[in-house]
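The next block is target_26.txt, given as compact mmCIF, C-alpha atoms.
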```txt
# COMPACT_ATOMS: atom_id res chain seq x y z
CA PRO A 1 -14.39 -6.70 12.97
CA VAL A 2 -12.05 -9.43 11.72
CA GLY A 3 -13.44 -12.26 13.81
CA ARG A 4 -13.47 -9.87 16.78
CA ASP A 5 -9.71 -9.80 16.42
CA LEU A 6 -9.55 -13.58 16.42
CA ALA A 7 -11.56 -14.06 19.57
CA GLU A 8 -9.86 -11.14 21.33
CA GLY A 9 -6.36 -12.65 21.16
CA GLY A 10 -5.50 -10.18 18.44
CA LEU A 11 -3.75 -10.40 15.13
CA ASP A 12 0.02 -10.27 15.12
CA VAL A 13 0.52 -9.40 11.44
CA VAL A 14 -1.97 -7.85 9.02
CA ILE A 15 -1.09 -7.53 5.33
CA ALA A 16 -3.19 -5.15 3.22
CA ASN A 17 -2.66 -6.41 -0.31
CA ALA A 18 -5.51 -4.83 -2.24
CA GLY A 19 -4.89 -3.96 -5.83
CA VAL A 20 -6.38 -3.55 -9.25
CA GLY A 21 -4.40 -2.07 -12.06
CA GLY A 22 -4.63 -1.21 -15.68
CA GLU A 23 -4.42 1.82 -17.83
CA ALA A 24 -6.65 4.80 -17.25
CA ASN A 25 -6.96 7.06 -20.26
CA PRO A 26 -8.06 10.50 -19.06
CA ARG A 27 -9.28 11.30 -22.57
CA LYS A 28 -11.78 8.44 -22.60
CA ASP A 29 -12.33 6.82 -19.22
CA THR A 30 -15.25 7.61 -17.00
CA TRP A 31 -15.19 8.36 -13.29
CA GLU A 32 -16.41 4.80 -12.60
CA LYS A 33 -13.12 3.27 -13.80
CA VAL A 34 -11.06 5.73 -11.76
CA GLU A 35 -13.30 5.30 -8.72
CA ARG A 36 -12.99 1.50 -8.79
CA MET A 37 -9.19 1.73 -8.67
CA ILE A 38 -9.40 4.22 -5.78
CA GLN A 39 -11.94 2.09 -3.91
CA VAL A 40 -9.85 -1.07 -4.10
CA ASN A 41 -6.30 0.27 -3.93
CA ILE A 42 -6.83 3.08 -1.43
CA THR A 43 -10.06 2.51 0.46
CA GLY A 44 -9.64 -1.28 0.68
CA ALA A 45 -6.06 -1.13 1.95
CA ALA A 46 -6.58 1.86 4.26
CA ALA A 47 -9.76 0.38 5.77
CA THR A 48 -7.91 -2.83 6.59
CA LEU A 49 -5.01 -1.03 8.27
CA ALA A 50 -7.11 1.65 10.00
CA THR A 51 -9.51 -0.91 11.44
CA LEU A 52 -6.77 -2.90 13.14
CA ALA A 53 -4.29 -0.14 14.08
CA PRO A 54 -6.16 0.96 17.25
CA ARG A 55 -6.48 -2.63 18.47
CA MET A 56 -2.78 -3.29 17.96
CA ALA A 57 -1.90 -0.01 19.65
CA GLU A 58 -4.10 -0.92 22.61
CA ARG A 59 -2.35 -4.30 22.92
CA ARG A 60 1.01 -2.54 22.33
CA ARG A 61 2.08 -5.05 19.71
CA GLY A 62 1.48 -6.06 16.13
CA HIS A 63 2.72 -5.44 12.64
CA LEU A 64 0.79 -3.69 9.85
CA VAL A 65 1.98 -4.24 6.27
CA GLY A 66 0.86 -2.36 3.17
CA ILE A 67 1.66 -3.79 -0.25
CA SER A 68 2.25 -0.81 -2.52
CA SER A 69 4.30 -0.79 -5.73
CA LEU A 70 7.32 0.73 -7.39
CA ALA A 71 4.71 2.13 -9.78
CA GLY A 72 3.99 4.73 -7.10
CA TRP A 73 7.48 6.13 -7.59
CA ILE A 74 7.07 7.07 -11.25
CA VAL A 75 4.18 7.99 -13.49
CA THR A 76 4.13 6.56 -16.98
CA PRO A 77 1.58 7.26 -19.72
CA LYS A 78 -1.98 6.23 -18.77
CA MET A 79 -0.86 4.90 -15.39
CA GLY A 80 -1.40 8.07 -13.33
CA VAL A 81 -4.38 6.74 -11.37
CA TYR A 82 -2.66 3.48 -10.46
CA ALA A 83 0.56 5.29 -9.51
CA ALA A 84 -1.38 7.76 -7.36
CA THR A 85 -3.18 4.99 -5.48
CA LYS A 86 0.08 3.23 -4.72
CA MET A 87 1.78 6.47 -3.63
CA PHE A 88 -1.13 7.08 -1.25
CA LEU A 89 -0.49 3.74 0.44
CA GLN A 90 3.22 4.50 0.81
CA VAL A 91 2.55 7.85 2.46
CA TYR A 92 -0.23 6.42 4.63
CA CYS A 93 2.08 3.65 5.86
CA ASP A 94 4.79 6.24 6.62
CA GLY A 95 2.27 8.14 8.74
CA LEU A 96 1.14 4.99 10.54
CA HIS A 97 4.78 4.16 11.23
CA LEU A 98 5.37 7.56 12.84
CA ASP A 99 2.15 7.46 14.84
CA LEU A 100 2.29 3.85 16.04
CA LYS A 101 5.98 3.27 16.70
CA SER A 102 5.75 4.51 20.30
CA ALA A 103 2.76 2.18 20.83
CA GLY A 104 4.86 -0.86 19.94
CA VAL A 105 3.24 -1.42 16.54
CA GLN A 106 5.51 -1.97 13.54
CA VAL A 107 4.52 -0.77 10.07
CA THR A 108 6.12 -1.92 6.82
CA CYS A 109 5.41 -0.74 3.29
CA ILE A 110 6.43 -3.17 0.56
CA ASN A 111 7.12 -1.78 -2.93
CA PRO A 112 7.53 -4.64 -5.39
CA GLY A 113 8.39 -4.36 -9.04
CA PHE A 114 6.74 -6.72 -11.51
CA VAL A 115 5.55 -10.03 -10.03
CA LYS A 116 4.06 -12.82 -12.12
CA SER A 117 0.37 -12.88 -11.21
CA GLU A 118 -3.12 -12.81 -12.72
CA MET A 119 -2.91 -9.01 -12.70
CA THR A 120 0.44 -8.76 -14.52
CA ALA A 121 -0.58 -11.49 -16.99
CA LYS A 122 -2.89 -8.88 -18.53
CA ASN A 123 -0.02 -6.45 -19.20
CA LYS A 124 0.68 -5.97 -22.89
CA PHE A 125 4.21 -4.67 -22.40
CA LYS A 126 7.52 -6.24 -21.48
CA MET A 127 7.99 -6.36 -17.70
CA PRO A 128 11.68 -6.08 -16.84
CA PHE A 129 12.98 -8.16 -13.94
CA LEU A 130 9.67 -10.06 -13.65
CA LEU A 131 9.76 -12.16 -10.47
CA GLU A 132 8.03 -15.44 -9.76
CA ALA A 133 5.38 -15.15 -7.04
CA ASP A 134 7.26 -17.48 -4.65
CA ASP A 135 10.45 -15.41 -4.94
CA ALA A 136 8.51 -12.18 -4.37
CA ALA A 137 6.70 -13.64 -1.34
CA ASP A 138 9.99 -14.83 0.14
CA ARG A 139 11.53 -11.36 -0.21
CA MET A 140 8.46 -9.74 1.36
CA GLY A 141 8.40 -12.21 4.22
CA ARG A 142 12.05 -11.58 5.09
CA ALA A 143 11.50 -7.78 5.02
CA ILE A 144 8.51 -8.13 7.34
CA LEU A 145 10.49 -10.33 9.75
CA ARG A 146 13.31 -7.75 9.75
CA GLY A 147 10.74 -5.07 10.60
CA GLU A 148 11.76 -2.79 7.75
CA LYS A 149 9.85 0.47 7.42
CA GLN A 150 10.09 0.43 3.61
CA PHE A 151 11.20 -2.41 1.37
CA ALA A 152 11.49 -2.17 -2.41
CA TYR A 153 12.69 -4.78 -4.89
CA PRO A 154 14.21 -5.94 -7.21
CA TRP A 155 17.11 -3.54 -6.93
CA PRO A 156 17.53 -2.86 -10.71
CA MET A 157 13.90 -1.69 -10.86
CA VAL A 158 14.35 0.34 -7.66
CA LEU A 159 17.31 2.16 -9.22
CA ALA A 160 15.49 2.66 -12.51
CA THR A 161 12.34 4.09 -10.92
CA ARG A 162 14.34 6.40 -8.66
CA ALA A 163 16.44 7.64 -11.56
CA ALA A 164 13.38 8.07 -13.79
CA ARG A 165 12.01 10.74 -11.44
CA TRP A 166 14.71 13.02 -12.85
CA VAL A 167 14.14 12.13 -16.51
CA PRO A 168 12.07 14.50 -18.68
CA ASP A 169 8.53 13.36 -19.53
CA ALA A 170 9.31 13.06 -23.25
CA VAL A 171 12.08 10.53 -22.54
CA VAL A 172 9.85 8.45 -20.24
CA ALA A 173 7.11 8.42 -22.90
CA ARG A 174 9.60 7.37 -25.58
CA VAL A 175 11.10 4.56 -23.48
CA MET A 176 7.67 3.31 -22.39
CA GLY A 177 6.50 3.51 -26.01
CA LYS A 178 9.22 1.03 -26.96
CA SER A 179 7.94 -1.25 -24.20
CA GLY A 180 4.49 -1.39 -25.74
CA VAL A 181 2.82 1.41 -23.78
CA LYS A 182 1.76 4.10 -26.20
CA PRO A 183 2.69 7.63 -25.12
CA ALA A 184 -0.07 10.23 -25.27
CA SER A 185 0.06 12.21 -28.50
CA SER A 186 -0.30 15.97 -28.60
CA ALA A 187 -3.11 15.73 -31.16
CA GLY A 188 -6.42 13.97 -30.25
CA SER A 189 -6.52 10.21 -29.75
```
Representation of the structure as structure tokens:
Amino acid sequence: PVGRDLAEGGLDVVIANAGVGGEANPRKDTWEKVERMIQVNITGAAATLATLAPRMAERRRGHLVGISSLAGWIVTPKMGVYAATKMFLQVYCDGLHLDLKSAGVQVTCINPGFVKSEMTAKNKFKMPFLLEADDAADRMGRAILRGEKQFAYPWPMVLATRAARWVPDAVVARVMGKSGVKPASSAGS
């Protein structure tokens, strides 16, 4: 149990930053690929937060942080599993926020856009508004210190993902196709 909560003094801030990404092609992929993404992105993050939430509530202080993604706000071709795992974390953090606020525990959900990392280095498409890791970490740190419930960045990507929820699927597929992500065709693979 996390070093018995650091020798019973307790943790002040816990950041659940579990994530694996990649495309998941429902026409070809096996359950094992989908399950791995769920195990890391959902089970890993939720286990971290759920394990420490009762201890923080008992101490009546602490701050739980879930690192989600703007990808949870919009589904693009072959990214449904990843988007779903990130949306889970957003909703779970919202629930923790509601349930733990009266116990003195803060909860923040961070929704970054593209951040330069080992994970995004594998992307084969153009990543608009790609941020350096130091810049992203600085933005996250300030949001955590402010105690924000939800924090999403960079703002052009936030606006684009929010607006895209209202765009027809065919348009999203066409735009993403120009970015290097191939839209699903109506005839076999």
Using all atoms listed in the file, which residues sit within 12 Å of A:Asp99 once same-chain residues fewer than 6 positions away are excluded, as a PyMOL selection string? chain A and resi 50+53-54+57+92-93+105-107
Please, what distance in Å, to one decimal, runs between atom CA of A:Ile144 and atom CA of A:Met37?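 So the two atoms, atom CA of A:Ile144 and atom CA of A:Met37, lie 25.8 Å apart.
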Any idea what the distance is between atom CA of A:Arg174 and atom CA of A:Ser68?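 Atom CA of A:Ser68 lies 25.5 Å from atom CA of A:Arg174.
Shortest atom-to-atom contact with A:Met87 among A:Trp155, A:Gly72, A:Ala24, A:Lys149: A:Gly72, counting only C-alpha atoms.
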Using the partial input, fill out stretch 62-76 of chain A with N, CA, C and O atoms; write the result as a PDB file, keeping the file's coordinate frame.
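Result file follows (part-v1.pdb):
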```pdb
ATOM      1  N   GLY A  62       2.063  -5.738  17.422  1.00  0.00           N
ATOM      2  CA  GLY A  62       1.480  -6.060  16.130  1.00  0.00           C
ATOM      3  C   GLY A  62       2.305  -5.466  15.006  1.00  0.00           C
ATOM      4  O   GLY A  62       3.228  -4.686  15.241  1.00  0.00           O
ATOM      5  N   HIS A  63       1.972  -5.886  13.808  1.00  0.00           N
ATOM      6  CA  HIS A  63       2.720  -5.440  12.640  1.00  0.00           C
ATOM      7  C   HIS A  63       1.737  -5.247  11.482  1.00  0.00           C
ATOM      8  O   HIS A  63       1.087  -6.199  11.058  1.00  0.00           O
ATOM      9  N   LEU A  64       1.639  -4.028  10.993  1.00  0.00           N
ATOM     10  CA  LEU A  64       0.790  -3.690   9.850  1.00  0.00           C
ATOM     11  C   LEU A  64       1.680  -3.619   8.609  1.00  0.00           C
ATOM     12  O   LEU A  64       2.755  -3.008   8.640  1.00  0.00           O
ATOM     13  N   VAL A  65       1.207  -4.220   7.516  1.00  0.00           N
ATOM     14  CA  VAL A  65       1.980  -4.240   6.270  1.00  0.00           C
ATOM     15  C   VAL A  65       1.083  -3.782   5.134  1.00  0.00           C
ATOM     16  O   VAL A  65      -0.016  -4.300   4.955  1.00  0.00           O
ATOM     17  N   GLY A  66       1.566  -2.815   4.371  1.00  0.00           N
ATOM     18  CA  GLY A  66       0.860  -2.360   3.170  1.00  0.00           C
ATOM     19  C   GLY A  66       1.659  -2.776   1.946  1.00  0.00           C
ATOM     20  O   GLY A  66       2.866  -2.532   1.880  1.00  0.00           O
ATOM     21  N   ILE A  67       0.989  -3.414   0.993  1.00  0.00           N
ATOM     22  CA  ILE A  67       1.660  -3.790  -0.250  1.00  0.00           C
ATOM     23  C   ILE A  67       1.367  -2.707  -1.283  1.00  0.00           C
ATOM     24  O   ILE A  67       0.254  -2.584  -1.781  1.00  0.00           O
ATOM     25  N   SER A  68       2.375  -1.903  -1.562  1.00  0.00           N
ATOM     26  CA  SER A  68       2.250  -0.810  -2.520  1.00  0.00           C
ATOM     27  C   SER A  68       2.866  -1.272  -3.840  1.00  0.00           C
ATOM     28  O   SER A  68       2.630  -2.394  -4.263  1.00  0.00           O
ATOM     29  N   SER A  69       3.680  -0.442  -4.459  1.00  0.00           N
ATOM     30  CA  SER A  69       4.300  -0.790  -5.730  1.00  0.00           C
ATOM     31  C   SER A  69       5.356   0.233  -6.110  1.00  0.00           C
ATOM     32  O   SER A  69       5.226   1.412  -5.767  1.00  0.00           O
ATOM     33  N   LEU A  70       6.365  -0.230  -6.826  1.00  0.00           N
ATOM     34  CA  LEU A  70       7.320   0.730  -7.390  1.00  0.00           C
ATOM     35  C   LEU A  70       6.638   1.658  -8.367  1.00  0.00           C
ATOM     36  O   LEU A  70       7.137   2.745  -8.652  1.00  0.00           O
ATOM     37  N   ALA A  71       5.467   1.275  -8.869  1.00  0.00           N
ATOM     38  CA  ALA A  71       4.710   2.130  -9.780  1.00  0.00           C
ATOM     39  C   ALA A  71       4.333   3.451  -9.120  1.00  0.00           C
ATOM     40  O   ALA A  71       4.083   4.435  -9.805  1.00  0.00           O
ATOM     41  N   GLY A  72       4.288   3.486  -7.806  1.00  0.00           N
ATOM     42  CA  GLY A  72       3.990   4.730  -7.100  1.00  0.00           C
ATOM     43  C   GLY A  72       5.145   5.718  -7.137  1.00  0.00           C
ATOM     44  O   GLY A  72       4.976   6.879  -6.783  1.00  0.00           O
ATOM     45  N   TRP A  73       6.301   5.266  -7.557  1.00  0.00           N
ATOM     46  CA  TRP A  73       7.480   6.130  -7.590  1.00  0.00           C
ATOM     47  C   TRP A  73       7.643   6.872  -8.904  1.00  0.00           C
ATOM     48  O   TRP A  73       8.454   7.786  -9.016  1.00  0.00           O
ATOM     49  N   ILE A  74       6.926   6.442  -9.932  1.00  0.00           N
ATOM     50  CA  ILE A  74       7.070   7.070 -11.250  1.00  0.00           C
ATOM     51  C   ILE A  74       5.747   6.954 -11.999  1.00  0.00           C
ATOM     52  O   ILE A  74       5.075   5.938 -11.939  1.00  0.00           O
ATOM     53  N   VAL A  75       5.406   8.005 -12.693  1.00  0.00           N
ATOM     54  CA  VAL A  75       4.180   7.990 -13.490  1.00  0.00           C
ATOM     55  C   VAL A  75       4.568   7.790 -14.942  1.00  0.00           C
ATOM     56  O   VAL A  75       5.424   8.488 -15.474  1.00  0.00           O
ATOM     57  N   THR A  76       3.923   6.809 -15.558  1.00  0.00           N
ATOM     58  CA  THR A  76       4.130   6.560 -16.980  1.00  0.00           C
ATOM     59  C   THR A  76       2.794   6.832 -17.688  1.00  0.00           C
ATOM     60  O   THR A  76       1.758   6.941 -17.031  1.00  0.00           O
TER      61      THR A  76
END
```
